[in-house]
$ cat target_17.cif   # mmCIF, C-alpha atoms
data_input
loop_
_atom_site.group_PDB
_atom_site.id
_atom_site.type_symbol
_atom_site.label_atom_id
_atom_site.label_comp_id
_atom_site.auth_asym_id
_atom_site.auth_seq_id
_atom_site.Cartn_x
_atom_site.Cartn_y
_atom_site.Cartn_z
ATOM 1 C CA MET G 79 14.477 -8.800 1.192
ATOM 2 C CA GLU G 80 11.749 -10.948 -0.312
ATOM 3 C CA TYR G 81 9.979 -9.943 -3.522
ATOM 4 C CA ARG G 82 6.775 -10.581 -5.405
ATOM 5 C CA THR G 83 6.599 -10.432 -9.169
ATOM 6 C CA LEU G 84 3.724 -8.548 -10.771
ATOM 7 C CA TYR G 85 2.118 -10.278 -13.735
ATOM 8 C CA ASN G 86 4.045 -8.032 -16.133
ATOM 9 C CA GLY G 87 7.377 -9.221 -14.707
ATOM 10 C CA VAL G 88 8.153 -6.202 -12.505
ATOM 11 C CA LYS G 89 9.471 -7.177 -9.074
ATOM 12 C CA ILE G 90 8.228 -5.351 -5.975
ATOM 13 C CA PRO G 91 9.801 -5.584 -2.500
ATOM 14 C CA MET G 92 7.547 -7.358 -0.022
ATOM 15 C CA LEU G 93 8.207 -4.709 2.634
ATOM 16 C CA GLY G 94 8.140 -0.958 2.212
ATOM 17 C CA LEU G 95 7.571 2.269 4.109
ATOM 18 C CA GLY G 96 4.230 4.054 4.068
ATOM 19 C CA VAL G 97 4.204 7.810 4.675
ATOM 20 C CA PHE G 98 0.525 8.498 5.342
ATOM 21 C CA GLN G 99 -0.156 11.291 7.863
ATOM 22 C CA ILE G 100 3.356 12.773 7.640
ATOM 23 C CA PRO G 101 2.641 16.113 5.914
ATOM 24 C CA ASP G 102 5.566 17.988 7.475
ATOM 25 C CA TYR G 103 8.341 18.267 4.877
ATOM 26 C CA ALA G 104 11.310 17.907 7.238
ATOM 27 C CA GLN G 105 9.817 14.987 9.158
ATOM 28 C CA ALA G 106 8.746 13.103 6.026
ATOM 29 C CA LYS G 107 12.158 13.577 4.455
ATOM 30 C CA ALA G 108 13.941 12.365 7.598
ATOM 31 C CA VAL G 109 11.681 9.315 7.909
ATOM 32 C CA VAL G 110 12.323 8.265 4.309
ATOM 33 C CA ALA G 111 16.057 8.832 4.748
ATOM 34 C CA THR G 112 16.069 6.579 7.817
ATOM 35 C CA ALA G 113 14.152 3.886 5.973
ATOM 36 C CA LEU G 114 16.507 3.938 2.993
ATOM 37 C CA GLU G 115 19.532 3.769 5.299
ATOM 38 C CA THR G 116 17.932 0.779 7.056
ATOM 39 C CA GLY G 117 17.514 -1.082 3.777
ATOM 40 C CA TYR G 118 13.973 -0.294 2.660
ATOM 41 C CA ARG G 119 13.671 -0.014 -1.114
ATOM 42 C CA LEU G 120 9.925 0.544 -1.450
ATOM 43 C CA ILE G 121 8.404 3.901 -0.539
ATOM 44 C CA ASP G 122 4.638 4.434 -0.789
ATOM 45 C CA THR G 123 3.214 7.954 -0.945
ATOM 46 C CA ALA G 124 0.177 9.678 -2.493
ATOM 47 C CA GLN G 125 -0.956 13.064 -3.706
ATOM 48 C CA ALA G 126 -3.381 13.134 -0.773
ATOM 49 C CA TYR G 127 -0.504 12.759 1.716
ATOM 50 C CA GLY G 128 1.052 16.084 0.730
ATOM 51 C CA ASN G 129 4.629 14.801 0.974
ATOM 52 C CA GLU G 130 5.682 13.722 -2.528
ATOM 53 C CA GLN G 131 8.296 16.493 -2.653
ATOM 54 C CA ALA G 132 9.859 15.351 0.622
ATOM 55 C CA VAL G 133 9.915 11.725 -0.515
ATOM 56 C CA GLY G 134 11.542 12.632 -3.812
ATOM 57 C CA ASP G 135 14.169 14.809 -2.162
ATOM 58 C CA ALA G 136 15.035 12.087 0.359
ATOM 59 C CA VAL G 137 15.446 9.507 -2.397
ATOM 60 C CA LYS G 138 17.607 11.854 -4.443
ATOM 61 C CA GLU G 139 19.816 12.790 -1.494
ATOM 62 C CA SER G 140 20.223 9.133 -0.467
ATOM 63 C CA GLY G 141 22.624 8.650 -3.363
ATOM 64 C CA LEU G 142 20.934 5.393 -4.300
ATOM 65 C CA PRO G 143 20.527 4.709 -8.016
ATOM 66 C CA ARG G 144 16.993 5.521 -9.137
ATOM 67 C CA GLU G 145 16.393 1.948 -10.296
ATOM 68 C CA GLU G 146 17.056 0.612 -6.787
ATOM 69 C CA VAL G 147 14.143 2.468 -5.182
ATOM 70 C CA PHE G 148 10.588 1.351 -5.946
ATOM 71 C CA LEU G 149 8.409 4.473 -5.825
ATOM 72 C CA THR G 150 4.639 4.311 -5.557
ATOM 73 C CA THR G 151 2.191 7.190 -5.518
ATOM 74 C CA LYS G 152 -1.577 7.528 -5.906
ATOM 75 C CA LEU G 153 -3.950 9.900 -7.716
ATOM 76 C CA TRP G 154 -6.929 11.446 -5.951
ATOM 77 C CA ILE G 155 -10.582 11.471 -7.060
ATOM 78 C CA GLN G 156 -10.560 15.093 -8.245
ATOM 79 C CA ASP G 157 -8.321 14.105 -11.171
ATOM 80 C CA PHE G 158 -10.312 11.066 -12.281
ATOM 81 C CA SER G 159 -10.737 11.647 -15.989
ATOM 82 C CA TYR G 160 -8.581 10.522 -18.889
ATOM 83 C CA ASP G 161 -6.707 13.812 -19.292
ATOM 84 C CA GLY G 162 -6.896 14.585 -15.576
ATOM 85 C CA ALA G 163 -5.120 11.376 -14.624
ATOM 86 C CA ILE G 164 -2.362 11.928 -17.168
ATOM 87 C CA GLN G 165 -1.746 15.489 -16.019
ATOM 88 C CA ALA G 166 -1.899 14.537 -12.333
ATOM 89 C CA ALA G 167 0.600 11.728 -12.895
ATOM 90 C CA ARG G 168 2.984 14.154 -14.534
ATOM 91 C CA ARG G 169 2.648 16.549 -11.595
ATOM 92 C CA SER G 170 3.459 13.726 -9.186
ATOM 93 C CA MET G 171 6.560 12.802 -11.188
ATOM 94 C CA GLU G 172 7.646 16.433 -11.132
ATOM 95 C CA ARG G 173 7.217 16.686 -7.347
ATOM 96 C CA LEU G 174 9.050 13.386 -6.855
ATOM 97 C CA GLY G 175 11.781 14.501 -9.261
ATOM 98 C CA VAL G 176 11.597 11.370 -11.395
ATOM 99 C CA GLU G 177 11.075 10.578 -15.067
ATOM 100 C CA TYR G 178 8.990 7.487 -14.381
ATOM 101 C CA LEU G 179 7.064 5.837 -11.550
ATOM 102 C CA ASP G 180 7.441 2.231 -10.523
ATOM 103 C CA LEU G 181 3.780 2.017 -9.581
ATOM 104 C CA LEU G 182 0.852 4.414 -9.881
ATOM 105 C CA LEU G 183 -2.465 3.669 -8.176
ATOM 106 C CA LEU G 184 -5.915 5.205 -8.269
ATOM 107 C CA HIS G 185 -6.511 5.958 -4.594
ATOM 108 C CA GLN G 186 -10.239 5.150 -4.479
ATOM 109 C CA PRO G 187 -12.552 3.384 -6.975
ATOM 110 C CA MET G 188 -14.887 6.377 -7.051
ATOM 111 C CA GLY G 189 -15.932 9.038 -9.517
ATOM 112 C CA ASP G 190 -14.894 8.470 -13.119
ATOM 113 C CA TYR G 191 -12.178 5.981 -12.251
ATOM 114 C CA CYS G 192 -12.730 4.095 -15.506
ATOM 115 C CA SER G 193 -11.630 7.080 -17.577
ATOM 116 C CA ALA G 194 -8.739 7.649 -15.169
ATOM 117 C CA TRP G 195 -7.699 4.020 -15.622
ATOM 118 C CA ARG G 196 -7.525 4.542 -19.385
ATOM 119 C CA GLY G 197 -5.169 7.444 -18.703
ATOM 120 C CA LEU G 198 -2.948 5.137 -16.648
ATOM 121 C CA GLU G 199 -3.013 2.584 -19.467
ATOM 122 C CA THR G 200 -1.738 5.250 -21.865
ATOM 123 C CA LEU G 201 1.128 6.260 -19.561
ATOM 124 C CA TYR G 202 1.979 2.602 -18.996
ATOM 125 C CA ARG G 203 2.201 1.955 -22.730
ATOM 126 C CA GLU G 204 4.405 5.054 -23.077
ATOM 127 C CA GLY G 205 6.819 3.660 -20.468
ATOM 128 C CA LYS G 206 6.197 6.390 -17.889
ATOM 129 C CA LEU G 207 4.756 3.844 -15.453
ATOM 130 C CA ARG G 208 6.365 0.460 -14.832
ATOM 131 C CA ALA G 209 3.142 -0.815 -13.245
ATOM 132 C CA ILE G 210 -0.398 0.391 -12.555
ATOM 133 C CA GLY G 211 -2.907 -0.602 -9.943
ATOM 134 C CA MET G 212 -5.791 0.279 -7.681
ATOM 135 C CA ALA G 213 -6.343 0.955 -4.001
ATOM 136 C CA ASN G 214 -9.340 0.149 -1.825
ATOM 137 C CA CYS G 215 -11.028 -2.196 -4.309
ATOM 138 C CA TYR G 216 -13.357 -4.792 -2.869
ATOM 139 C CA PRO G 217 -13.771 -8.079 -4.778
ATOM 140 C CA HIS G 218 -16.701 -7.112 -7.021
ATOM 141 C CA VAL G 219 -15.034 -3.851 -8.110
ATOM 142 C CA LEU G 220 -11.689 -5.508 -8.771
ATOM 143 C CA ALA G 221 -13.320 -8.299 -10.783
ATOM 144 C CA ASP G 222 -15.209 -5.747 -12.887
ATOM 145 C CA LEU G 223 -12.009 -3.820 -13.644
ATOM 146 C CA CYS G 224 -10.176 -6.992 -14.599
ATOM 147 C CA GLU G 225 -13.002 -8.093 -16.874
ATOM 148 C CA THR G 226 -13.396 -4.659 -18.485
ATOM 149 C CA PHE G 227 -9.929 -3.387 -19.396
ATOM 150 C CA ALA G 228 -7.153 -4.639 -21.653
ATOM 151 C CA ILE G 229 -4.608 -3.979 -18.894
ATOM 152 C CA LYS G 230 -5.691 -5.362 -15.534
ATOM 153 C CA PRO G 231 -4.587 -3.799 -12.261
ATOM 154 C CA MET G 232 -1.259 -5.313 -11.252
ATOM 155 C CA LEU G 233 -1.688 -4.553 -7.548
ATOM 156 C CA ASN G 234 -4.553 -3.734 -5.200
ATOM 157 C CA GLN G 235 -3.691 -1.833 -2.012
ATOM 158 C CA VAL G 236 -6.280 -2.487 0.674
ATOM 159 C CA GLU G 237 -6.658 -2.615 4.445
ATOM 160 C CA LEU G 238 -5.260 -5.969 5.607
ATOM 161 C CA HIS G 239 -4.363 -6.905 9.177
ATOM 162 C CA PRO G 240 -5.276 -9.638 11.690
ATOM 163 C CA PHE G 241 -8.610 -8.021 12.543
ATOM 164 C CA PHE G 242 -9.684 -7.423 8.904
ATOM 165 C CA GLN G 243 -8.260 -10.216 6.791
ATOM 166 C CA GLN G 244 -10.393 -10.024 3.616
ATOM 167 C CA PRO G 245 -10.053 -13.662 2.463
ATOM 168 C CA ARG G 246 -12.528 -13.222 -0.409
ATOM 169 C CA ASN G 247 -10.630 -10.217 -1.689
ATOM 170 C CA LEU G 248 -7.335 -12.127 -1.534
ATOM 171 C CA ALA G 249 -8.900 -15.034 -3.421
ATOM 172 C CA THR G 250 -10.179 -12.650 -6.102
ATOM 173 C CA MET G 251 -6.750 -11.071 -6.457
ATOM 174 C CA GLU G 252 -5.142 -14.479 -6.798
ATOM 175 C CA ALA G 253 -7.648 -15.464 -9.485
ATOM 176 C CA TYR G 254 -6.750 -12.380 -11.538
ATOM 177 C CA GLN G 255 -3.001 -12.435 -10.751
ATOM 178 C CA VAL G 256 -3.265 -9.144 -8.839
ATOM 179 C CA VAL G 257 -0.721 -8.716 -6.031
ATOM 180 C CA PRO G 258 -2.243 -7.664 -2.665
ATOM 181 C CA GLN G 259 -0.671 -4.861 -0.663
ATOM 182 C CA ALA G 260 -1.637 -3.992 2.916
ATOM 183 C CA TRP G 261 -2.211 -0.491 4.132
ATOM 184 C CA GLY G 262 -2.824 -0.120 7.870
ATOM 185 C CA PRO G 263 -1.132 -3.448 8.702
ATOM 186 C CA PHE G 264 -1.240 -2.469 12.393
ATOM 187 C CA ASN G 265 -4.961 -1.536 12.406
ATOM 188 C CA GLU G 266 -3.866 1.975 13.469
ATOM 189 C CA GLY G 267 -3.268 0.564 16.956
ATOM 190 C CA LEU G 268 -6.905 -0.440 17.591
ATOM 191 C CA HIS G 269 -7.652 -3.571 19.660
ATOM 192 C CA ASP G 270 -4.556 -2.704 21.744
ATOM 193 C CA PHE G 271 -2.703 -3.977 18.687
ATOM 194 C CA PHE G 272 0.871 -3.580 19.889
ATOM 195 C CA HIS G 273 0.135 -5.424 23.136
ATOM 196 C CA HIS G 274 -2.496 -7.861 21.946
ATOM 197 C CA PRO G 275 -2.120 -11.073 23.990
ATOM 198 C CA VAL G 276 -2.288 -13.459 21.015
ATOM 199 C CA LEU G 277 0.244 -11.518 18.957
ATOM 200 C CA GLU G 278 2.535 -11.016 21.957
ATOM 201 C CA GLU G 279 2.369 -14.697 22.950
ATOM 202 C CA ILE G 280 3.308 -15.784 19.437
ATOM 203 C CA GLY G 281 6.065 -13.169 19.276
ATOM 204 C CA GLY G 282 7.518 -14.415 22.541
ATOM 205 C CA LYS G 283 8.398 -17.733 20.905
ATOM 206 C CA TYR G 284 10.599 -15.977 18.366
ATOM 207 C CA GLY G 285 11.848 -12.980 20.310
ATOM 208 C CA LYS G 286 9.656 -10.708 18.197
ATOM 209 C CA SER G 287 7.121 -7.971 18.900
ATOM 210 C CA ALA G 288 3.397 -8.090 18.179
ATOM 211 C CA ALA G 289 3.992 -5.715 15.263
ATOM 212 C CA GLN G 290 6.650 -7.960 13.757
ATOM 213 C CA VAL G 291 4.361 -10.976 14.099
ATOM 214 C CA ALA G 292 1.552 -9.138 12.286
ATOM 215 C CA LEU G 293 3.871 -8.144 9.446
ATOM 216 C CA ARG G 294 5.253 -11.669 9.140
ATOM 217 C CA TRP G 295 1.711 -13.091 9.069
ATOM 218 C CA ASN G 296 0.792 -10.922 6.079
ATOM 219 C CA LEU G 297 4.074 -11.676 4.322
ATOM 220 C CA GLN G 298 3.421 -15.403 4.628
ATOM 221 C CA ARG G 299 0.030 -14.818 2.997
ATOM 222 C CA GLY G 300 1.820 -13.285 0.013
ATOM 223 C CA VAL G 301 0.801 -9.743 0.967
ATOM 224 C CA VAL G 302 3.170 -6.814 0.410
ATOM 225 C CA VAL G 303 3.241 -4.633 3.550
ATOM 226 C CA ILE G 304 3.914 -0.904 3.910
ATOM 227 C CA PRO G 305 3.962 -0.110 7.648
ATOM 228 C CA LYS G 306 4.210 3.550 8.594
ATOM 229 C CA SER G 307 6.214 4.974 11.486
ATOM 230 C CA VAL G 308 7.946 8.245 12.270
ATOM 231 C CA HIS G 309 10.209 6.631 14.880
ATOM 232 C CA ALA G 310 13.628 5.422 13.757
ATOM 233 C CA ASP G 311 13.650 2.475 16.162
ATOM 234 C CA ARG G 312 10.240 1.283 14.955
ATOM 235 C CA ILE G 313 11.260 1.692 11.319
ATOM 236 C CA ARG G 314 14.255 -0.544 11.972
ATOM 237 C CA GLU G 315 12.216 -3.027 14.009
ATOM 238 C CA ASN G 316 9.619 -3.353 11.245
ATOM 239 C CA PHE G 317 12.391 -4.299 8.833
ATOM 240 C CA GLN G 318 13.476 -7.285 10.948
ATOM 241 C CA VAL G 319 10.810 -9.715 9.786
ATOM 242 C CA PHE G 320 12.669 -11.968 7.363
ATOM 243 C CA ASP G 321 14.588 -14.033 9.919
ATOM 244 C CA PHE G 322 11.719 -16.107 11.342
ATOM 245 C CA THR G 323 8.714 -18.072 10.099
ATOM 246 C CA LEU G 324 5.336 -18.467 11.773
ATOM 247 C CA SER G 325 4.110 -22.034 12.197
ATOM 248 C CA PRO G 326 0.767 -23.251 10.784
ATOM 249 C CA GLU G 327 -0.547 -23.162 14.373
ATOM 250 C CA ASP G 328 0.540 -19.525 14.713
ATOM 251 C CA MET G 329 -1.154 -18.644 11.438
ATOM 252 C CA ALA G 330 -4.374 -20.360 12.567
ATOM 253 C CA GLN G 331 -4.376 -18.473 15.875
ATOM 254 C CA ILE G 332 -4.092 -15.162 14.046
ATOM 255 C CA GLN G 333 -6.738 -16.175 11.503
ATOM 256 C CA ALA G 334 -9.175 -16.597 14.396
ATOM 257 C CA LEU G 335 -8.839 -12.870 15.229
ATOM 258 C CA ASP G 336 -10.662 -11.730 12.074
ATOM 259 C CA THR G 337 -13.729 -9.565 12.760
ATOM 260 C CA GLY G 338 -14.695 -9.384 9.087
ATOM 261 C CA ARG G 339 -14.967 -5.610 9.035
ATOM 262 C CA SER G 340 -12.924 -2.434 9.165
ATOM 263 C CA GLU G 341 -12.843 -0.160 12.186
ATOM 264 C CA ILE G 342 -10.834 2.466 10.302
ATOM 265 C CA VAL G 343 -12.933 3.351 7.259
ATOM 266 C CA ASP G 344 -16.292 1.998 6.095
ATOM 267 C CA HIS G 345 -16.441 2.177 2.303
ATOM 268 C CA PHE G 346 -20.018 0.887 2.467
ATOM 269 C CA ASP G 347 -21.187 3.931 4.443
ATOM 270 C CA PRO G 348 -22.548 6.657 2.114
ATOM 271 C CA GLN G 349 -21.310 9.342 4.511
ATOM 272 C CA TRP G 350 -17.735 8.126 4.057
ATOM 273 C CA ILE G 351 -18.132 8.240 0.284
ATOM 274 C CA ARG G 352 -19.518 11.757 0.454
ATOM 275 C CA MET G 353 -16.616 12.871 2.637
ATOM 276 C CA LEU G 354 -14.013 11.337 0.314
ATOM 277 C CA HIS G 355 -15.579 13.029 -2.719
ATOM 278 C CA GLN G 356 -15.550 16.392 -0.950
ATOM 279 C CA HIS G 357 -11.881 16.092 -0.024
ATOM 280 C CA THR G 358 -9.516 17.749 -2.498
ATOM 281 C CA VAL G 359 -5.732 17.821 -2.676
#

$ encode --input "target_17.cif" --output "structure tokens"
Amino acid sequence: MEYRTLYNGVKIPMLGLGVFQIPDYAQAKAVVATALETGYRLIDTAQAYGNEQAVGDAVKESGLPREEVFLTTKLWIQDFSYDGAIQAARRSMERLGVEYLDLLLLHQPMGDYCSAWRGLETLYREGKLRAIGMANCYPHVLADLCETFAIKPMLNQVELHPFFQQPRNLATMEAYQVVPQAWGPFNEGLHDFFHHPVLEEIGGKYGKSAAQVALRWNLQRGVVVIPKSVHADRIRENFQVFDFTLSPEDMAQIQALDTGRSEIVDHFDPQWIRMLHQHTV
């Protein structure tokens, strides 16, 4: 396993398991168990996913020492106030069955996220959170947060894959020492992702799949990846990305695929913002 070090010295695995869209308790628990058996040590969940309990139970039943599993969860907009964030974080820890979180993120930079961030700062200073960060921050929002608060976000989880590469966002994160993390590293299968000719051609040189090539590409950019799958064989395949290196020519070919926009969620569309605000967990 490769690691990145957050600016506060905490090390985070470069590869983890995401559990978005796995609300069923038994399935989520089984998926996490498979990942931990495979060697994953980073699990990413959220209040909005509805599976914190399953994740916590799987980690507990794995028999692994708590300090060996890096647990991330996220707070939703409805709890974005100072007291709301603190109480929501405590509820997440209770569902996960832990006394501290390795990383807590604010899921969207919406509503009163500034007050919520102050709540995270308090929990961080109290030692309940080893690291704090944001999700879905574009460069101007991330820069504002970093310039405003005493404790900057340590990680920013955003959509990053060959078709939406966000170079300006990555440059902003680097400038502020914020580690990038990719959600949706497979673009949710759009653009015939798993059989894309460029990714498959590159993979053929190394005996790797298009998915493995995409993960390796992000890793070589310094991006932490959290691919999601409910299939044991895919979970294991996604883990086999540390035994090859893409050439500069490979990286350039993939860079040319960037469309400069998301096809999954448009945070610049007011209707999306309205929908996210109306969603409660």

$ closest_residue --input "target_17.cif" --among "G:Asp190, G:Glu225, G:Asp321, G:Glu341" --to "Phe264 in chain G" --atoms "only C-alpha atoms"
G:Glu341

$ closest_residue --input "target_17.cif" --among "G:Val109, G:Val97, G:Leu268, G:Val319" --to "Tyr284 in chain G" --atoms "all atoms listed in the file"
G:Val319

$ resolve_selection --input "target_17.cif" --expression "the PyMOL selection byres ((chain G and resi 117-127) around 9)" --output "VMD selection string"
chain G and resid 79 90 to 101 110 112 to 116 128 to 130 133 146 to 154 166 170 183 185 304 314 317 358 to 359

$ write_last_selection --input "target_17.cif" --atoms "C-alpha atoms" --output "PDB file, in the coordinates of the input"
ATOM      1  CA  MET G  79      14.477  -8.800   1.192  1.00  0.00           C
ATOM      2  CA  ILE G  90       8.228  -5.351  -5.975  1.00  0.00           C
ATOM      3  CA  PRO G  91       9.801  -5.584  -2.500  1.00  0.00           C
ATOM      4  CA  MET G  92       7.547  -7.358  -0.022  1.00  0.00           C
ATOM      5  CA  LEU G  93       8.207  -4.709   2.634  1.00  0.00           C
ATOM      6  CA  GLY G  94       8.140  -0.958   2.212  1.00  0.00           C
ATOM      7  CA  LEU G  95       7.571   2.269   4.109  1.00  0.00           C
ATOM      8  CA  GLY G  96       4.230   4.054   4.068  1.00  0.00           C
ATOM      9  CA  VAL G  97       4.204   7.810   4.675  1.00  0.00           C
ATOM     10  CA  PHE G  98       0.525   8.498   5.342  1.00  0.00           C
ATOM     11  CA  GLN G  99      -0.156  11.291   7.863  1.00  0.00           C
ATOM     12  CA  ILE G 100       3.356  12.773   7.640  1.00  0.00           C
ATOM     13  CA  PRO G 101       2.641  16.113   5.914  1.00  0.00           C
ATOM     14  CA  VAL G 110      12.323   8.265   4.309  1.00  0.00           C
ATOM     15  CA  THR G 112      16.069   6.579   7.817  1.00  0.00           C
ATOM     16  CA  ALA G 113      14.152   3.886   5.973  1.00  0.00           C
ATOM     17  CA  LEU G 114      16.507   3.938   2.993  1.00  0.00           C
ATOM     18  CA  GLU G 115      19.532   3.769   5.299  1.00  0.00           C
ATOM     19  CA  THR G 116      17.932   0.779   7.056  1.00  0.00           C
ATOM     20  CA  GLY G 128       1.052  16.084   0.730  1.00  0.00           C
ATOM     21  CA  ASN G 129       4.629  14.801   0.974  1.00  0.00           C
ATOM     22  CA  GLU G 130       5.682  13.722  -2.528  1.00  0.00           C
ATOM     23  CA  VAL G 133       9.915  11.725  -0.515  1.00  0.00           C
ATOM     24  CA  GLU G 146      17.056   0.612  -6.787  1.00  0.00           C
ATOM     25  CA  VAL G 147      14.143   2.468  -5.182  1.00  0.00           C
ATOM     26  CA  PHE G 148      10.588   1.351  -5.946  1.00  0.00           C
ATOM     27  CA  LEU G 149       8.409   4.473  -5.825  1.00  0.00           C
ATOM     28  CA  THR G 150       4.639   4.311  -5.557  1.00  0.00           C
ATOM     29  CA  THR G 151       2.191   7.190  -5.518  1.00  0.00           C
ATOM     30  CA  LYS G 152      -1.577   7.528  -5.906  1.00  0.00           C
ATOM     31  CA  LEU G 153      -3.950   9.900  -7.716  1.00  0.00           C
ATOM     32  CA  TRP G 154      -6.929  11.446  -5.951  1.00  0.00           C
ATOM     33  CA  ALA G 166      -1.899  14.537 -12.333  1.00  0.00           C
ATOM     34  CA  SER G 170       3.459  13.726  -9.186  1.00  0.00           C
ATOM     35  CA  LEU G 183      -2.465   3.669  -8.176  1.00  0.00           C
ATOM     36  CA  HIS G 185      -6.511   5.958  -4.594  1.00  0.00           C
ATOM     37  CA  ILE G 304       3.914  -0.904   3.910  1.00  0.00           C
ATOM     38  CA  ARG G 314      14.255  -0.544  11.972  1.00  0.00           C
ATOM     39  CA  PHE G 317      12.391  -4.299   8.833  1.00  0.00           C
ATOM     40  CA  THR G 358      -9.516  17.749  -2.498  1.00  0.00           C
ATOM     41  CA  VAL G 359      -5.732  17.821  -2.676  1.00  0.00           C
TER      42      VAL G 359
END

$ residues_around --input "target_17.cif" --residues "Ser287 in chain G" --least-positions-apart "6" --cutoff "9 Å" --atoms "all atoms listed in the file" --output "count of residues only"
7

$ resolve_selection --input "target_17.cif" --expression "the PyMOL selection byres ((chain G and resi 337-339) around 8)" --output "ChimeraX atom specification"
/G:241-244,335-336,340-341

$ residues_around --input "target_17.cif" --residues "Thr323 in chain G" --least-positions-apart "5" --cutoff "10 Å" --atoms "all atoms listed in the file" --output "PyMOL selection string"
chain G and resi 284+291+294-295+297-298+328-329

$ write_last_selection --input "target_17.cif" --atoms "C-alpha atoms" --output "mmCIF file, keeping the file's coordinate frame"
data_model
loop_
_atom_site.group_PDB
_atom_site.id
_atom_site.type_symbol
_atom_site.label_atom_id
_atom_site.label_comp_id
_atom_site.auth_asym_id
_atom_site.auth_seq_id
_atom_site.Cartn_x
_atom_site.Cartn_y
_atom_site.Cartn_z
ATOM 1 C CA TYR G 284 10.599 -15.977 18.366
ATOM 2 C CA VAL G 291 4.361 -10.976 14.099
ATOM 3 C CA ARG G 294 5.253 -11.669 9.140
ATOM 4 C CA TRP G 295 1.711 -13.091 9.069
ATOM 5 C CA LEU G 297 4.074 -11.676 4.322
ATOM 6 C CA GLN G 298 3.421 -15.403 4.628
ATOM 7 C CA ASP G 328 0.540 -19.525 14.713
ATOM 8 C CA MET G 329 -1.154 -18.644 11.438
#

$ resolve_selection --input "target_17.cif" --expression "the PyMOL selection byres ((chain G and resi 248) around 12)" --output "ChimeraX atom specification"
/G:215-218,220-221,233-238,242-247,249-260,296,299-302

$ write_last_selection --input "target_17.cif" --atoms "C-alpha atoms" --output "mmCIF file, in the frame of the given file"
data_model
loop_
_atom_site.group_PDB
_atom_site.id
_atom_site.type_symbol
_atom_site.label_atom_id
_atom_site.label_comp_id
_atom_site.auth_asym_id
_atom_site.auth_seq_id
_atom_site.Cartn_x
_atom_site.Cartn_y
_atom_site.Cartn_z
ATOM 1 C CA CYS G 215 -11.028 -2.196 -4.309
ATOM 2 C CA TYR G 216 -13.357 -4.792 -2.869
ATOM 3 C CA PRO G 217 -13.771 -8.079 -4.778
ATOM 4 C CA HIS G 218 -16.701 -7.112 -7.021
ATOM 5 C CA LEU G 220 -11.689 -5.508 -8.771
ATOM 6 C CA ALA G 221 -13.320 -8.299 -10.783
ATOM 7 C CA LEU G 233 -1.688 -4.553 -7.548
ATOM 8 C CA ASN G 234 -4.553 -3.734 -5.200
ATOM 9 C CA GLN G 235 -3.691 -1.833 -2.012
ATOM 10 C CA VAL G 236 -6.280 -2.487 0.674
ATOM 11 C CA GLU G 237 -6.658 -2.615 4.445
ATOM 12 C CA LEU G 238 -5.260 -5.969 5.607
ATOM 13 C CA PHE G 242 -9.684 -7.423 8.904
ATOM 14 C CA GLN G 243 -8.260 -10.216 6.791
ATOM 15 C CA GLN G 244 -10.393 -10.024 3.616
ATOM 16 C CA PRO G 245 -10.053 -13.662 2.463
ATOM 17 C CA ARG G 246 -12.528 -13.222 -0.409
ATOM 18 C CA ASN G 247 -10.630 -10.217 -1.689
ATOM 19 C CA ALA G 249 -8.900 -15.034 -3.421
ATOM 20 C CA THR G 250 -10.179 -12.650 -6.102
ATOM 21 C CA MET G 251 -6.750 -11.071 -6.457
ATOM 22 C CA GLU G 252 -5.142 -14.479 -6.798
ATOM 23 C CA ALA G 253 -7.648 -15.464 -9.485
ATOM 24 C CA TYR G 254 -6.750 -12.380 -11.538
ATOM 25 C CA GLN G 255 -3.001 -12.435 -10.751
ATOM 26 C CA VAL G 256 -3.265 -9.144 -8.839
ATOM 27 C CA VAL G 257 -0.721 -8.716 -6.031
ATOM 28 C CA PRO G 258 -2.243 -7.664 -2.665
ATOM 29 C CA GLN G 259 -0.671 -4.861 -0.663
ATOM 30 C CA ALA G 260 -1.637 -3.992 2.916
ATOM 31 C CA ASN G 296 0.792 -10.922 6.079
ATOM 32 C CA ARG G 299 0.030 -14.818 2.997
ATOM 33 C CA GLY G 300 1.820 -13.285 0.013
ATOM 34 C CA VAL G 301 0.801 -9.743 0.967
ATOM 35 C CA VAL G 302 3.170 -6.814 0.410
#

$ closest_residue --input "target_17.cif" --among "G:Ala111, G:Met232, G:Val137, G:Val308" --to "Leu84 in chain G" --atoms "all atoms listed in the file"
G:Met232

$ closest_residue --input "target_17.cif" --among "G:Ser159, G:Asn316, G:Ser307, G:Gln290" --to "Leu184 in chain G" --atoms "only C-alpha atoms"
G:Ser159

$ atom_distance --input "target_17.cif" --atom1 "CA of Asp102 in chain G" --atom2 "CA of Ile351 in chain G"
26.6 Å

$ atom_distance --input "target_17.cif" --atom1 "CA of Glu199 in chain G" --atom2 "CA of Ile229 in chain G"
6.8 Å

$ atom_distance --input "target_17.cif" --atom1 "CA of Val303 in chain G" --atom2 "CA of Leu181 in chain G"
14.7 Å

$ axis_aligned_box --input "target_17.cif" --around "range 200-204 of chain G" --padding-each-side "5 Å" --output "lines of an AutoDock Vina configuration file"
center_x = 1.3
center_y = 4.1
center_z = -21.0
size_x = 16.1
size_y = 14.3
size_z = 14.1
